[in-house]
Amino acid sequence: MLATMRAALLIQGAVWGIPRYEPDYLTADDVLEMATIEAARVLRWDDRIGSLEPGKAADVTVLDGDAPHLVPPRIS
């Protein structure tokens with residue numbers, strides 16, 4: 001799923017002719033929302049999944065942002 005979310009961030013550049021990632025068009029928060037609650041809304045399951053709320057089914061993944069493979073490269 002992380003690879004799909006990353007692809008969404010990168011594809012927006014190709015669609016809009018942006019030479020590199022530009023957070024003014026699509027932010028990481030937008031992509032996370034698209035992959036969670038918005039996906040649940042499309043499936044019409046947003047009353048059961050898609051956000052962390054009492055009564056909803058959920059899986060939680062914790063990522064270490066300091067792990068070398070999760071640190072984004074610097075673009076100059």
# chains A, B, ... in the order shown; residues from 1 in each chain; ligands from 1

call {"tool": "residues_around", "arguments": {"residues": "range 20-33 of chain A", "least_positions_apart": "4", "cutoff": "7 Å", "atoms": "only C-alpha atoms", "output": "ChimeraX atom specification"}}
result
/A:5,9-10,13,37-38

call {"tool": "atom_distance", "arguments": {"atom1": "CA of Met34 in chain A", "atom2": "CA of Ala7 in chain A"}}
result
12.6 Å

call {"tool": "residues_around", "arguments": {"residues": "Thr61 in chain A", "least_positions_apart": "2", "cutoff": "12 Å", "atoms": "only C-alpha atoms", "output": "list in words"}}
result
Met1, Leu2, Leu52, Ala58, Asp59, Leu63 and Asp64 of chain A

call {"tool": "atom_distance", "arguments": {"atom1": "CA of Ile11 in chain A", "atom2": "CA of Thr36 in chain A"}}
result
18.8 Å

call {"tool": "atom_distance", "arguments": {"atom1": "CA of Ala57 in chain A", "atom2": "CA of Ala40 in chain A"}}
result
11.6 Å

call {"tool": "select_by_dssp", "arguments": {"residues": "range 3-34 of chain A", "states": "alpha helix (DSSP H)", "output": "list in words"}}
result
Ala3, Thr4, Met5, Arg6, Ala7, Ala8, Leu9, Leu10, Ile11, Gln12, Gly13, Ala14, Val15, Trp16, Ala28, Asp29, Asp30, Val31, Leu32 and Glu33 of chain A

call {"tool": "write_last_selection", "arguments": {"atoms": "N, CA and C atoms", "output": "PDB file, in the first residue's frame"}}
result
ATOM      1  N   ALA A   3       3.686   1.641  -1.441  1.00  0.00           N
ATOM      2  CA  ALA A   3       4.165   1.862  -2.811  1.00  0.00           C
ATOM      3  C   ALA A   3       3.084   2.524  -3.666  1.00  0.00           C
ATOM      4  N   THR A   4       1.842   2.136  -3.460  1.00  0.00           N
ATOM      5  CA  THR A   4       0.735   2.739  -4.201  1.00  0.00           C
ATOM      6  C   THR A   4       0.554   4.198  -3.809  1.00  0.00           C
ATOM      7  N   MET A   5       0.686   4.482  -2.524  1.00  0.00           N
ATOM      8  CA  MET A   5       0.562   5.865  -2.049  1.00  0.00           C
ATOM      9  C   MET A   5       1.694   6.723  -2.616  1.00  0.00           C
ATOM     10  N   ARG A   6       2.897   6.162  -2.659  1.00  0.00           N
ATOM     11  CA  ARG A   6       4.038   6.889  -3.225  1.00  0.00           C
ATOM     12  C   ARG A   6       3.809   7.169  -4.709  1.00  0.00           C
ATOM     13  N   ALA A   7       3.275   6.173  -5.404  1.00  0.00           N
ATOM     14  CA  ALA A   7       2.995   6.342  -6.831  1.00  0.00           C
ATOM     15  C   ALA A   7       2.003   7.479  -7.055  1.00  0.00           C
ATOM     16  N   ALA A   8       1.003   7.584  -6.183  1.00  0.00           N
ATOM     17  CA  ALA A   8       0.025   8.671  -6.313  1.00  0.00           C
ATOM     18  C   ALA A   8       0.711  10.029  -6.195  1.00  0.00           C
ATOM     19  N   LEU A   9       1.661  10.136  -5.273  1.00  0.00           N
ATOM     20  CA  LEU A   9       2.391  11.400  -5.128  1.00  0.00           C
ATOM     21  C   LEU A   9       3.225  11.715  -6.367  1.00  0.00           C
ATOM     22  N   LEU A  10       3.843  10.681  -6.944  1.00  0.00           N
ATOM     23  CA  LEU A  10       4.713  10.900  -8.095  1.00  0.00           C
ATOM     24  C   LEU A  10       3.927  11.113  -9.390  1.00  0.00           C
ATOM     25  N   ILE A  11       2.821  10.411  -9.538  1.00  0.00           N
ATOM     26  CA  ILE A  11       2.032  10.520 -10.759  1.00  0.00           C
ATOM     27  C   ILE A  11       1.435  11.910 -10.920  1.00  0.00           C
ATOM     28  N   GLN A  12       1.111  12.559  -9.809  1.00  0.00           N
ATOM     29  CA  GLN A  12       0.524  13.895  -9.919  1.00  0.00           C
ATOM     30  C   GLN A  12       1.453  14.836 -10.671  1.00  0.00           C
ATOM     31  N   GLY A  13       2.748  14.615 -10.578  1.00  0.00           N
ATOM     32  CA  GLY A  13       3.688  15.440 -11.324  1.00  0.00           C
ATOM     33  C   GLY A  13       3.568  15.228 -12.822  1.00  0.00           C
ATOM     34  N   ALA A  14       3.404  13.973 -13.213  1.00  0.00           N
ATOM     35  CA  ALA A  14       3.276  13.661 -14.635  1.00  0.00           C
ATOM     36  C   ALA A  14       1.973  14.224 -15.195  1.00  0.00           C
ATOM     37  N   VAL A  15       0.921  14.146 -14.415  1.00  0.00           N
ATOM     38  CA  VAL A  15      -0.385  14.626 -14.873  1.00  0.00           C
ATOM     39  C   VAL A  15      -0.390  16.142 -15.040  1.00  0.00           C
ATOM     40  N   TRP A  16       0.201  16.841 -14.095  1.00  0.00           N
ATOM     41  CA  TRP A  16       0.153  18.305 -14.106  1.00  0.00           C
ATOM     42  C   TRP A  16       1.411  18.949 -14.698  1.00  0.00           C
ATOM     43  N   ALA A  28       1.099  14.758   1.423  1.00  0.00           N
ATOM     44  CA  ALA A  28       1.135  13.412   1.991  1.00  0.00           C
ATOM     45  C   ALA A  28      -0.126  13.154   2.811  1.00  0.00           C
ATOM     46  N   ASP A  29      -0.638  14.160   3.491  1.00  0.00           N
ATOM     47  CA  ASP A  29      -1.889  14.009   4.243  1.00  0.00           C
ATOM     48  C   ASP A  29      -3.051  13.681   3.313  1.00  0.00           C
ATOM     49  N   ASP A  30      -3.087  14.321   2.148  1.00  0.00           N
ATOM     50  CA  ASP A  30      -4.136  14.036   1.164  1.00  0.00           C
ATOM     51  C   ASP A  30      -4.071  12.578   0.711  1.00  0.00           C
ATOM     52  N   VAL A  31      -2.867  12.100   0.456  1.00  0.00           N
ATOM     53  CA  VAL A  31      -2.693  10.731  -0.016  1.00  0.00           C
ATOM     54  C   VAL A  31      -3.098   9.736   1.071  1.00  0.00           C
ATOM     55  N   LEU A  32      -2.737  10.009   2.317  1.00  0.00           N
ATOM     56  CA  LEU A  32      -3.126   9.131   3.418  1.00  0.00           C
ATOM     57  C   LEU A  32      -4.646   9.095   3.559  1.00  0.00           C
ATOM     58  N   GLU A  33      -5.279  10.239   3.434  1.00  0.00           N
ATOM     59  CA  GLU A  33      -6.740  10.296   3.504  1.00  0.00           C
ATOM     60  C   GLU A  33      -7.378   9.527   2.338  1.00  0.00           C
TER      61      GLU A  33
END
